[in-house]
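Engineer: Dropping the structure in here first, questions after.
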Number of protein chains: 4
Amino acid sequence: MRAVIYEGPGQVMIGEVDEPELFSPSDALVKIELAAICGSDLHVYHGAVPGVLPGMSLGHEFVGRVLETGPEVKRVKPGDRVVGSFHTACGECAACRKTRYFACTNGMVYGYGIAFGALGGAQAEKVRVPQADLSLRKIPDALPAEEAILAGDILSTAYGGVRPWLEPGMSVAVVGAGPVGLMAVEVARTLGAGSIYAVDFDAHRLGIAEKRGAIPLNPKERDPVSHLYRETDGFGADIVVEAVGGEGKALETAFKLAGPGGVVASLGVPTVETFTYPWLEAFTRGVRFHGSLANVPRWMDEVLALQQAGRISGSWIFSHRLTLDEAPHGYEMFDKRGAVKVALTPA
Amino acid sequence: MRAVIYEGPGQVMIGEVDEPELFSPSDALVKIELAAICGSDLHVYHGAVPGVLPGMSLGHEFVGRVLETGPEVKRVKPGDRVVGSFHTACGECAACRKTRYFACTNGMVYGYGIAFGALGGAQAEKVRVPQADLSLRKIPDALPAEEAILAGDILSTAYGGVRPWLEPGMSVAVVGAGPVGLMAVEVARTLGAGSIYAVDFDAHRLGIAEKRGAIPLNPKERDPVSHLYRETDGFGADIVVEAVGGEGKALETAFKLAGPGGVVASLGVPTVETFTYPWLEAFTRGVRFHGSLANVPRWMDEVLALQQAGRISGSWIFSHRLTLDEAPHGYEMFDKRGAVKVALTPA
Amino acid sequence: MRAVIYEGPGQVMIGEVDEPELFSPSDALVKIELAAICGSDLHVYHGAVPGVLPGMSLGHEFVGRVLETGPEVKRVKPGDRVVGSFHTACGECAACRKTRYFACTNGMVYGYGIAFGALGGAQAEKVRVPQADLSLRKIPDALPAEEAILAGDILSTAYGGVRPWLEPGMSVAVVGAGPVGLMAVEVARTLGAGSIYAVDFDAHRLGIAEKRGAIPLNPKERDPVSHLYRETDGFGADIVVEAVGGEGKALETAFKLAGPGGVVASLGVPTVETFTYPWLEAFTRGVRFHGSLANVPRWMDEVLALQQAGRISGSWIFSHRLTLDEAPHGYEMFDKRGAVKVALTPA
Amino acid sequence: MRAVIYEGPGQVMIGEVDEPELFSPSDALVKIELAAICGSDLHVYHGAVPGVLPGMSLGHEFVGRVLETGPEVKRVKPGDRVVGSFHTACGECAACRKTRYFACTNGMVYGYGIAFGALGGAQAEKVRVPQADLSLRKIPDALPAEEAILAGDILSTAYGGVRPWLEPGMSVAVVGAGPVGLMAVEVARTLGAGSIYAVDFDAHRLGIAEKRGAIPLNPKERDPVSHLYRETDGFGADIVVEAVGGEGKALETAFKLAGPGGVVASLGVPTVETFTYPWLEAFTRGVRFHGSLANVPRWMDEVLALQQAGRISGSWIFSHRLTLDEAPHGYEMFDKRGAVKVALTPA
């Protein structure tokens, strides 16, 4: 079958890979209806994820239809339309039993190399889904694929950065208006945040954030920190979502934006081992810090319920819809910030 | 000064009453900018509230400007624009210390007779506000009076019936689409409820509920219970807000709508001492019941923050805007369901 | 194999029943190490549970060792020592997915007749366990059987009546000092309640409650309501656990004991359809009511963790240890209040 | 009157200072019954707190009796026995309104120099208490002064490091068995933690921790990290309380002890500006971090309720009881770890 294949830094192509098959009794096989390119696929694209070797297939965001299930699978059956969580979870280990699925000792990520379970990618015609009961969710036909697919990754990730800390009316600042940051704006508005601020250097993305209800703060135009404090009567933000990661530059801004007793929820994936924590300052102001891999299976049901009720919607994030064969072009555009989010259809 | 005065069952008039004065060091004096007629004023209008005697002034919903404050008042000062909670709270008794302000042992209700502190009504030119620090909230000039006034009564009441139980995506059924019920629809939508259902016999009010995001269920057209169970795959509602009160007829429907582990939050004011609790059925399905006077000072700050951020709005509820002198006509229309909500301006 | 068998009102005997076998792929077979007689077995004993027919085996509290498991069972394996929840839960229905296991649409109760799934009783040599993954919990050999067995029923039931509402330091009143009520005293103390009150007419049971940290209130000696209000400076109890059920007499006391904003958590099983809810009084004081079947699988892990850490202990509740063959005598004693709690060993 | 006075690094003496007087209408004057020396007083003693000048009085832990109150004080009156929070809070600023009292913009600390409001110390015969309504709590005569005084500082500080994150049965590790760490052990046990671990190099203090219910881990004897993981089946601790502060060495251990999704609650006061946050590792395991000044007025009521109900007790922490005149000797002993906690009586 055809799949997006990693060739080397900066190079992906469409090629043939072996058809996936059921391997364990808790597996399912899914025929892909829609896949998408995620910001974290770019790390792979740049050759920055160690265990991804040339020839491996990519992608971890997908909606599709179940083709076949192992004998232990209870919650989905062949013919069901489903969305996949970008990471799998077994439901049985100590972490899963405490609903901390992101730390599942048997968890894997699709198309992310050896270190994450050597699972085949979802930017393909089919994908094998381990631990299908927790890793998939049934979705109705009426829910557009471009909406549902977000519940399996960036929307649920953003959700986990806002929902646990939010009391209605709280002010929320989002640092970084990329796909995850924009989803965070959407989540904050949906759940009853008060003022929402978005910080980014990119005027276009900031324009989208504004359309979704955020007050745009472009450091090129004004100092986000002093502006936010002025707007909040000197208090600062109750919740700051950091959606950049990387080397931690955005974290510095995030800590400054957080008011007394505020939370800095870091969703961006770090590319460095450490950062310099502003201990004394954060201690004095009682700022909490939470940075983690997304706990997607924990939040998917709530996100899907909100999507189905029409309360939340993120599919406006897709700037480009390509066929699977056009994926290499999609990666290139996305990498050069010429696309906000790219959908891929295998058909 | 002029005020709305109770004359006897079915009779209110505009008359002269004594100017209010500061009485205790924690009092404030407020010049009324906007007052409103509440559903519970109709109980007075019908002569059903024992301690209201002819000659007493009425009304407990108001926005205004502080004229004068006692020496102990810290949070507002003359010139501040404010909204009042319909009931006052001292902040010092055991109940207040636990933020259960509705049970304040020193609490009073404006214009509600001897049993509630014999306070002057707010449908007047001025009103005396006891325990001003907790009973008032400062509001900016930019917030329309017809919006802010709701934070002091029906919107915060509805908020207290939804907010404590809601997890995003939950289904909410509202029984009774009067002013409080419609506010409950608004709150549920704002805070991220999933499907919202409104049950009422009045097609007009149900039409408003639908416009605010609810699925209308008119018992004249279809059985609300069987319809809701069909829509929720046989599960029932996670939260049922009962916004009728009276003799408890709506409670029967409310209990039937609640799914396993659901909450029946009763906001309607009872006019009878007891009702027949469906114990065995509720036990089997684990339904919780919560009925209480609104805890307005607890929720006002959150509601005002949401209003100021433009997340929630209830001022569309006002169907009529009258002068204070036209209040008798307003009561008559409201009583005959010819008005959904009536605003009064003293000017 | 031998089992306790219902013969008719007031009559149980030891007899032979068929050996249980695996029936569904999610079943397990358990060899009983310890069973116990529960207060709700007395309803059966009195012939008050409609679907229990002569010849059926009884009992729903047990600790044992897994003999055999169906192919879908993941969490336990032959040889594991386990405690069973008194009711089973599938984990897959809409109620289970919301962790409201007590409302599982596939749930059953051991030895409780046709209406509860016609499951064999646990007062026997072996028992068949449906949906074993959720219905059983592994326990270490070091945990005494008389301790662990409580996590499957009365201790977890009591836990569910206190844990969801308790903030440390709150006052808790327990109405009814039977086995469940005594467990509620234990839970309240373990989780940091402030003052704990126990109300009962039985001086002996009240003595046990006192030994476990409660202040005893015997209506024969003093009025519990006025005494509790005096002790709480007129405030009343924050949480009232009603552990009697039946015709609802104890509920009247429970509502009187609850302070403003308090919770009445009703754990007792009703034997009548309805009770007269004190609506106006509860409305004025904002009392919440929660009565439901216990959600044992939700709380078992926490209870077992506390037992293993030595924080909580309930095994002192057992007044009698009998062999399975002596069970008829055990029922008789328990029914006549000559035993507080009876353990049965099949050996 | 007599007071403990700072003379210079390593030097305190007893001297005469001016009698305090009411200064603002929200002040109270308190006659000291008992004061205590706190670990953070040692920073002053070492000359490490910039704004403390020679001649200033010291101490911020006290129990006493109200002598006089300003006209705005409502909650206490002359003659009341009270405990003081180590920091004051106004109740009116934006932070206080959100119950984040530690960030009060008008807050002060007794005897902690110019940077903290230049308030007189409490290791004296009398003390002036600003914003008395929030800064003091009435206590009954029956509560020993050595118990109550802890609610104003170290016990409530420890409480704030455990209570917000604890679900019953969770494992808690305490790094640092000084006074605050020992209080954290006490709080964890009282509120229903599962296993509790205490890490320290000091065998004596570890012995106390063990007596209060903790499993002692002395790095001199065994590696605390590998031992704790072995004991928790490889999971790690749910909550890690860091009670050392300083240069952050203990934080390194704390992060290693925290299991997936765990919380590192840092109570120790930092003496450096920053520390190196193990971002990638904490991200992968989803560890949260919370370090802040204690929010004493938020937790005092709960702590006092638990003390009065006899659920929690910390007065065993006092190793020495001295007169005020012997304070210099007390500082010396405490500094050299010859005392665990020192009480001072002015009489």
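Numbering starts fresh at 1 for the residues of each chain in the structure tokens, the chains themselves are lettered A, B, ... in the order given, and ligands are numbered from 1 as they appear.
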Write down, as a list of chain:residue names, each residue of chain A that has any atom within 12 Å of an atom of chain C, counting only C-alpha atoms.
Structural biologist: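 Taking only C-alpha atoms into account, A:Pro25, A:Ser26, A:Gly70, A:Pro71, A:Glu72, A:Val73, A:Lys74, A:Arg75, A:Val76, A:Cys90, A:Gly91, A:Glu92, A:Cys93, A:Ala94, A:Arg97, A:Lys98, A:Thr99, A:Asp133, A:Leu134, A:Arg298, A:Asp301, A:Glu302 sit within 12 Å of chain C.
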Engineer: Can you list, as an NGL selection string, every protein, DNA or RNA residue that comes within 7 Å of A:Lys31 when you count only C-alpha atoms, leaving out same-chain residues fewer than 4 positions away?
Structural biologist: :A and (64-67 or 125-127)
Engineer: Which residues come within 9 Å of stretch 34-46 of chain A, counting only C-alpha atoms, excluding same-chain residues fewer than 3 positions away, as a ChimeraX atom specification?
Structural biologist: /A:6-12,49-50,52,58-64,111-113,122-124,145-146,149,153-154,178-180,269,324,327,330-331,334-335,341-346
Engineer: Just list the residues in stretch 109-281 of chain C DSSP gives strand (DSSP E or B) on the backbone, as a ChimeraX atom specification.
Structural biologist: /C:109-110,119,124,126-129,136-138,172-175,196-199,215-217,237-242,246,258-266,270,275-277
Engineer: Write out as a list of chain:residue names the residues lying within 7 Å of stretch 207-211 of chain B, counting only C-alpha atoms and excluding same-chain residues fewer than 5 positions away.
Structural biologist: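 Once the nearby chain positions are removed, what remains is B:Ala177, B:Leu182, B:Val185, B:Ala198, B:Pro216.
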Engineer: Go ahead and save the residues from that selection, with all heavy atoms, as an mmCIF file, in the first residue's frame.
Structural biologist:
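The new file part_11.cif reads:
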data_model
loop_
_atom_site.group_PDB
_atom_site.id
_atom_site.type_symbol
_atom_site.label_atom_id
_atom_site.label_comp_id
_atom_site.auth_asym_id
_atom_site.auth_seq_id
_atom_site.Cartn_x
_atom_site.Cartn_y
_atom_site.Cartn_z
ATOM 1 N N ALA B 177 -38.917 27.413 30.801
ATOM 2 C CA ALA B 177 -38.160 28.389 30.018
ATOM 3 C C ALA B 177 -38.573 29.820 30.347
ATOM 4 O O ALA B 177 -38.666 30.682 29.482
ATOM 5 C CB ALA B 177 -38.300 28.097 28.523
ATOM 6 N N LEU B 182 -34.230 30.393 31.016
ATOM 7 C CA LEU B 182 -33.510 30.875 29.829
ATOM 8 C C LEU B 182 -32.073 31.265 30.178
ATOM 9 O O LEU B 182 -31.152 31.027 29.395
ATOM 10 C CB LEU B 182 -34.259 32.064 29.201
ATOM 11 C CG LEU B 182 -35.589 31.683 28.514
ATOM 12 C CD1 LEU B 182 -36.398 32.939 28.162
ATOM 13 C CD2 LEU B 182 -35.333 30.856 27.251
ATOM 14 N N VAL B 185 -30.027 28.138 30.240
ATOM 15 C CA VAL B 185 -29.607 27.730 28.895
ATOM 16 C C VAL B 185 -28.343 28.499 28.501
ATOM 17 O O VAL B 185 -27.363 27.923 28.009
ATOM 18 C CB VAL B 185 -30.733 27.995 27.861
ATOM 19 C CG1 VAL B 185 -30.218 27.835 26.441
ATOM 20 C CG2 VAL B 185 -31.918 27.069 28.113
ATOM 21 N N ALA B 198 -34.564 22.286 26.435
ATOM 22 C CA ALA B 198 -35.455 23.164 27.205
ATOM 23 C C ALA B 198 -36.865 22.620 27.111
ATOM 24 O O ALA B 198 -37.345 22.323 26.014
ATOM 25 C CB ALA B 198 -35.392 24.581 26.671
ATOM 26 N N PRO B 216 -35.639 22.517 21.752
ATOM 27 C CA PRO B 216 -36.921 22.735 22.447
ATOM 28 C C PRO B 216 -37.734 21.453 22.560
ATOM 29 O O PRO B 216 -37.811 20.676 21.616
ATOM 30 C CB PRO B 216 -37.631 23.743 21.533
ATOM 31 C CG PRO B 216 -37.067 23.508 20.164
ATOM 32 C CD PRO B 216 -35.665 22.959 20.344
#
Engineer: Measuring between only C-alpha atoms, which one of D:Leu29, D:Leu257, D:Leu280, D:Ile196 shows the shortest distance to D:Asp223?
Structural biologist: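 Answer, going by the shortest atom-to-atom distance: D:Leu257.
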Engineer: So which residues of stretch 249-334 of chain C fall under alpha helix (DSSP H) by DSSP, listed as a VMD selection string?
Structural biologist: chain C and resid 249 to 257 279 to 285 296 to 308 327 to 334
Engineer: Report as a list of chain:residue names all protein, DNA and RNA residues lying within 8 Å of D:Ala89, evaluated on only C-alpha atoms, omitting residues in the same chain fewer than 2 positions from it.
Structural biologist: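 Contacts, with the query itself left out: D:His87, D:Gly91, D:Cys96, D:Tyr101, D:Phe102, D:Cys104, D:Asn106, D:Gly107, D:Met108, D:Gln131, D:Leu134, D:Ser135, D:Pro297.
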Engineer: Can I get the selected residues back with C-alpha atoms, as a compact mmCIF listing (two decimals), in the first residue's frame?
Structural biologist:
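What ended up in out_27.txt:
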# COMPACT_ATOMS: atom_id res chain seq x y z
CA HIS D 87 1.97 37.11 56.98
CA GLY D 91 -8.70 40.80 51.85
CA CYS D 96 -6.94 38.44 48.10
CA TYR D 101 -3.51 35.76 50.10
CA PHE D 102 0.18 35.01 49.79
CA CYS D 104 -1.62 40.27 48.78
CA ASN D 106 -0.59 44.99 50.99
CA GLY D 107 0.76 41.95 52.79
CA MET D 108 3.53 42.12 55.40
CA GLN D 131 -5.55 43.93 58.80
CA LEU D 134 -7.77 38.26 58.06
CA SER D 135 -4.46 38.13 59.91
CA PRO D 297 -4.99 32.58 55.75
Engineer: Near A:Ala173, counting only C-alpha atoms, which residues have an atom at most 12 Å away, once you skip same-chain residues fewer than 4 positions from it, shown as a PDB file with N, CA and C atoms, in the first residue's frame?
Structural biologist:
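This is the output file result-v8.pdb:
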ATOM      1  N   GLY A 161      -4.364  21.517  28.347  1.00  0.00           N
ATOM      2  CA  GLY A 161      -3.594  22.646  28.868  1.00  0.00           C
ATOM      3  C   GLY A 161      -4.467  23.726  29.465  1.00  0.00           C
ATOM      4  N   VAL A 162      -5.771  23.594  29.300  1.00  0.00           N
ATOM      5  CA  VAL A 162      -6.686  24.634  29.769  1.00  0.00           C
ATOM      6  C   VAL A 162      -7.689  24.064  30.780  1.00  0.00           C
ATOM      7  N   LEU A 166      -8.972  25.771  34.559  1.00  0.00           N
ATOM      8  CA  LEU A 166      -9.865  26.888  34.281  1.00  0.00           C
ATOM      9  C   LEU A 166     -11.058  26.965  35.221  1.00  0.00           C
ATOM     10  N   ALA A 177       0.904  31.093  18.412  1.00  0.00           N
ATOM     11  CA  ALA A 177      -0.390  30.914  17.742  1.00  0.00           C
ATOM     12  C   ALA A 177      -0.277  29.936  16.579  1.00  0.00           C
ATOM     13  N   GLY A 181      -1.613  26.280  19.662  1.00  0.00           N
ATOM     14  CA  GLY A 181      -1.974  27.527  20.321  1.00  0.00           C
ATOM     15  C   GLY A 181      -3.354  28.009  19.897  1.00  0.00           C
ATOM     16  N   LEU A 182      -3.645  27.906  18.609  1.00  0.00           N
ATOM     17  CA  LEU A 182      -4.966  28.334  18.136  1.00  0.00           C
ATOM     18  C   LEU A 182      -6.073  27.444  18.710  1.00  0.00           C
ATOM     19  N   ALA A 184      -5.915  26.117  21.594  1.00  0.00           N
ATOM     20  CA  ALA A 184      -6.031  26.533  22.990  1.00  0.00           C
ATOM     21  C   ALA A 184      -6.944  27.755  23.112  1.00  0.00           C
ATOM     22  N   VAL A 185      -6.850  28.652  22.164  1.00  0.00           N
ATOM     23  CA  VAL A 185      -7.755  29.802  22.150  1.00  0.00           C
ATOM     24  C   VAL A 185      -9.199  29.313  22.048  1.00  0.00           C
ATOM     25  N   ALA A 188     -10.329  27.663  25.324  1.00  0.00           N
ATOM     26  CA  ALA A 188     -10.547  28.655  26.377  1.00  0.00           C
ATOM     27  C   ALA A 188     -11.889  29.362  26.180  1.00  0.00           C
ATOM     28  N   ARG A 189     -12.155  29.736  24.928  1.00  0.00           N
ATOM     29  CA  ARG A 189     -13.418  30.440  24.665  1.00  0.00           C
ATOM     30  C   ARG A 189     -14.612  29.516  24.924  1.00  0.00           C
ATOM     31  N   ALA A 193     -13.638  30.963  29.456  1.00  0.00           N
ATOM     32  CA  ALA A 193     -12.586  31.864  29.919  1.00  0.00           C
ATOM     33  C   ALA A 193     -13.083  33.295  29.837  1.00  0.00           C
ATOM     34  N   GLY A 194     -12.453  34.172  30.596  1.00  0.00           N
ATOM     35  CA  GLY A 194     -12.713  35.601  30.451  1.00  0.00           C
ATOM     36  C   GLY A 194     -11.906  36.097  29.255  1.00  0.00           C
ATOM     37  N   SER A 195     -11.053  37.083  29.478  1.00  0.00           N
ATOM     38  CA  SER A 195     -10.232  37.597  28.376  1.00  0.00           C
ATOM     39  C   SER A 195      -9.201  36.552  27.962  1.00  0.00           C
ATOM     40  N   ILE A 196      -8.990  36.446  26.642  1.00  0.00           N
ATOM     41  CA  ILE A 196      -8.008  35.527  26.086  1.00  0.00           C
ATOM     42  C   ILE A 196      -7.002  36.345  25.277  1.00  0.00           C
ATOM     43  N   TYR A 197      -5.734  36.116  25.512  1.00  0.00           N
ATOM     44  CA  TYR A 197      -4.681  36.835  24.802  1.00  0.00           C
ATOM     45  C   TYR A 197      -3.863  35.838  23.997  1.00  0.00           C
ATOM     46  N   ALA A 198      -3.452  36.241  22.785  1.00  0.00           N
ATOM     47  CA  ALA A 198      -2.585  35.381  21.984  1.00  0.00           C
ATOM     48  C   ALA A 198      -1.327  36.155  21.639  1.00  0.00           C
ATOM     49  N   VAL A 199      -0.172  35.539  21.883  1.00  0.00           N
ATOM     50  CA  VAL A 199       1.121  36.189  21.631  1.00  0.00           C
ATOM     51  C   VAL A 199       1.832  35.447  20.502  1.00  0.00           C
ATOM     52  N   ASP A 200       2.197  36.159  19.460  1.00  0.00           N
ATOM     53  CA  ASP A 200       2.952  35.553  18.351  1.00  0.00           C
ATOM     54  C   ASP A 200       3.558  36.673  17.510  1.00  0.00           C
ATOM     55  N   ALA A 209      -6.240  33.992  15.356  1.00  0.00           N
ATOM     56  CA  ALA A 209      -6.517  33.969  16.796  1.00  0.00           C
ATOM     57  C   ALA A 209      -7.551  35.027  17.163  1.00  0.00           C
ATOM     58  N   GLY A 213     -11.541  34.917  18.859  1.00  0.00           N
ATOM     59  CA  GLY A 213     -11.908  35.495  20.141  1.00  0.00           C
ATOM     60  C   GLY A 213     -10.749  35.994  20.998  1.00  0.00           C
ATOM     61  N   ALA A 214      -9.525  35.907  20.505  1.00  0.00           N
ATOM     62  CA  ALA A 214      -8.385  36.332  21.318  1.00  0.00           C
ATOM     63  C   ALA A 214      -8.018  37.790  21.043  1.00  0.00           C
ATOM     64  N   ILE A 215      -7.388  38.390  22.021  1.00  0.00           N
ATOM     65  CA  ILE A 215      -6.797  39.723  21.856  1.00  0.00           C
ATOM     66  C   ILE A 215      -5.360  39.501  21.400  1.00  0.00           C
ATOM     67  N   PRO A 216      -4.997  39.971  20.188  1.00  0.00           N
ATOM     68  CA  PRO A 216      -3.671  39.679  19.643  1.00  0.00           C
ATOM     69  C   PRO A 216      -2.589  40.564  20.250  1.00  0.00           C
ATOM     70  N   LEU A 217      -1.477  39.942  20.605  1.00  0.00           N
ATOM     71  CA  LEU A 217      -0.328  40.695  21.143  1.00  0.00           C
ATOM     72  C   LEU A 217       0.906  40.320  20.332  1.00  0.00           C
ATOM     73  N   PRO A 224       4.142  42.462  24.938  1.00  0.00           N
ATOM     74  CA  PRO A 224       2.971  41.688  25.401  1.00  0.00           C
ATOM     75  C   PRO A 224       2.807  41.715  26.910  1.00  0.00           C
ATOM     76  N   VAL A 225       3.930  41.653  27.625  1.00  0.00           N
ATOM     77  CA  VAL A 225       3.854  41.582  29.083  1.00  0.00           C
ATOM     78  C   VAL A 225       3.253  42.852  29.674  1.00  0.00           C
ATOM     79  N   HIS A 227       1.582  45.100  28.205  1.00  0.00           N
ATOM     80  CA  HIS A 227       0.219  45.318  27.728  1.00  0.00           C
ATOM     81  C   HIS A 227      -0.793  44.449  28.497  1.00  0.00           C
ATOM     82  N   LEU A 228      -0.440  43.198  28.679  1.00  0.00           N
ATOM     83  CA  LEU A 228      -1.369  42.316  29.391  1.00  0.00           C
ATOM     84  C   LEU A 228      -1.579  42.773  30.830  1.00  0.00           C
ATOM     85  N   TYR A 229      -0.517  43.205  31.486  1.00  0.00           N
ATOM     86  CA  TYR A 229      -0.689  43.673  32.861  1.00  0.00           C
ATOM     87  C   TYR A 229      -1.561  44.921  32.921  1.00  0.00           C
ATOM     88  N   GLU A 231      -3.968  45.609  30.885  1.00  0.00           N
ATOM     89  CA  GLU A 231      -5.352  45.175  30.622  1.00  0.00           C
ATOM     90  C   GLU A 231      -5.966  44.427  31.805  1.00  0.00           C
ATOM     91  N   THR A 232      -5.124  43.823  32.627  1.00  0.00           N
ATOM     92  CA  THR A 232      -5.659  43.041  33.755  1.00  0.00           C
ATOM     93  C   THR A 232      -5.481  43.789  35.081  1.00  0.00           C
ATOM     94  N   GLY A 236      -2.038  40.225  35.867  1.00  0.00           N
ATOM     95  CA  GLY A 236      -1.441  39.149  35.084  1.00  0.00           C
ATOM     96  C   GLY A 236      -2.474  38.097  34.734  1.00  0.00           C
ATOM     97  N   ALA A 237      -2.052  37.085  33.988  1.00  0.00           N
ATOM     98  CA  ALA A 237      -2.987  36.067  33.517  1.00  0.00           C
ATOM     99  C   ALA A 237      -3.155  34.952  34.545  1.00  0.00           C
ATOM    100  N   ASP A 238      -4.363  34.410  34.623  1.00  0.00           N
ATOM    101  CA  ASP A 238      -4.624  33.286  35.527  1.00  0.00           C
ATOM    102  C   ASP A 238      -4.003  32.004  34.972  1.00  0.00           C
ATOM    103  N   ILE A 239      -4.101  31.834  33.656  1.00  0.00           N
ATOM    104  CA  ILE A 239      -3.531  30.651  33.000  1.00  0.00           C
ATOM    105  C   ILE A 239      -2.717  31.106  31.803  1.00  0.00           C
ATOM    106  N   VAL A 240      -1.512  30.584  31.674  1.00  0.00           N
ATOM    107  CA  VAL A 240      -0.705  30.854  30.489  1.00  0.00           C
ATOM    108  C   VAL A 240      -0.416  29.520  29.800  1.00  0.00           C
ATOM    109  N   VAL A 241      -0.842  29.407  28.545  1.00  0.00           N
ATOM    110  CA  VAL A 241      -0.570  28.201  27.772  1.00  0.00           C
ATOM    111  C   VAL A 241       0.639  28.478  26.877  1.00  0.00           C
ATOM    112  N   GLU A 242       1.672  27.688  27.076  1.00  0.00           N
ATOM    113  CA  GLU A 242       2.861  27.840  26.248  1.00  0.00           C
ATOM    114  C   GLU A 242       2.800  26.772  25.162  1.00  0.00           C
ATOM    115  N   ALA A 243       2.703  27.192  23.897  1.00  0.00           N
ATOM    116  CA  ALA A 243       2.482  26.237  22.810  1.00  0.00           C
ATOM    117  C   ALA A 243       3.597  26.325  21.769  1.00  0.00           C
ATOM    118  N   THR A 253       8.672  34.235  28.422  1.00  0.00           N
ATOM    119  CA  THR A 253       7.515  35.125  28.316  1.00  0.00           C
ATOM    120  C   THR A 253       6.351  34.587  29.135  1.00  0.00           C
ATOM    121  N   ALA A 254       6.136  33.280  29.047  1.00  0.00           N
ATOM    122  CA  ALA A 254       5.006  32.666  29.747  1.00  0.00           C
ATOM    123  C   ALA A 254       5.057  32.948  31.248  1.00  0.00           C
ATOM    124  N   PHE A 255       6.240  32.779  31.853  1.00  0.00           N
ATOM    125  CA  PHE A 255       6.359  33.022  33.293  1.00  0.00           C
ATOM    126  C   PHE A 255       6.077  34.478  33.646  1.00  0.00           C
ATOM    127  N   LYS A 256       6.492  35.378  32.757  1.00  0.00           N
ATOM    128  CA  LYS A 256       6.245  36.797  33.049  1.00  0.00           C
ATOM    129  C   LYS A 256       4.765  37.142  32.983  1.00  0.00           C
ATOM    130  N   LEU A 257       4.048  36.458  32.107  1.00  0.00           N
ATOM    131  CA  LEU A 257       2.625  36.764  31.935  1.00  0.00           C
ATOM    132  C   LEU A 257       1.763  36.239  33.079  1.00  0.00           C
ATOM    133  N   ALA A 258       2.244  35.202  33.779  1.00  0.00           N
ATOM    134  CA  ALA A 258       1.424  34.562  34.817  1.00  0.00           C
ATOM    135  C   ALA A 258       1.302  35.436  36.053  1.00  0.00           C
ATOM    136  N   GLY A 259       0.074  35.662  36.489  1.00  0.00           N
ATOM    137  CA  GLY A 259      -0.171  36.436  37.698  1.00  0.00           C
ATOM    138  C   GLY A 259       0.007  35.579  38.943  1.00  0.00           C
ATOM    139  N   GLY A 262      -0.968  31.869  39.430  1.00  0.00           N
ATOM    140  CA  GLY A 262      -1.312  31.433  38.082  1.00  0.00           C
ATOM    141  C   GLY A 262      -0.639  30.121  37.694  1.00  0.00           C
ATOM    142  N   VAL A 263      -1.077  29.580  36.573  1.00  0.00           N
ATOM    143  CA  VAL A 263      -0.538  28.321  36.065  1.00  0.00           C
ATOM    144  C   VAL A 263       0.124  28.565  34.717  1.00  0.00           C
ATOM    145  N   VAL A 264       1.335  28.059  34.555  1.00  0.00           N
ATOM    146  CA  VAL A 264       1.955  28.002  33.235  1.00  0.00           C
ATOM    147  C   VAL A 264       1.819  26.559  32.754  1.00  0.00           C
ATOM    148  N   ALA A 265       0.973  26.356  31.740  1.00  0.00           N
ATOM    149  CA  ALA A 265       0.764  25.015  31.186  1.00  0.00           C
ATOM    150  C   ALA A 265       1.538  24.934  29.886  1.00  0.00           C
ATOM    151  N   SER A 266       2.577  24.124  29.911  1.00  0.00           N
ATOM    152  CA  SER A 266       3.463  24.059  28.754  1.00  0.00           C
ATOM    153  C   SER A 266       3.107  22.851  27.891  1.00  0.00           C
TER     154      SER A 266
END
Engineer: Which neighbours of B:Gly160 fall inside 9 Å, counting only C-alpha atoms, when residues of the same chain fewer than 5 positions from it are skipped, and could you give them as a ChimeraX atom specification?
Structural biologist: /B:155,265,267,294-296,298-299
Engineer: Kindly give the distance, in Å, that separates atom CA of B:Phe235 and atom CA of B:Pro260, rounded to a single decimal.
Structural biologist: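 Distance reported for this atom pair: 7.3 Å.
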Engineer: Interatomic distance between atom CA of B:Glu19 and atom CA of B:Glu33?
Structural biologist: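 Computed distance, atom CA of B:Glu19 to atom CA of B:Glu33, equals 16.1 Å.
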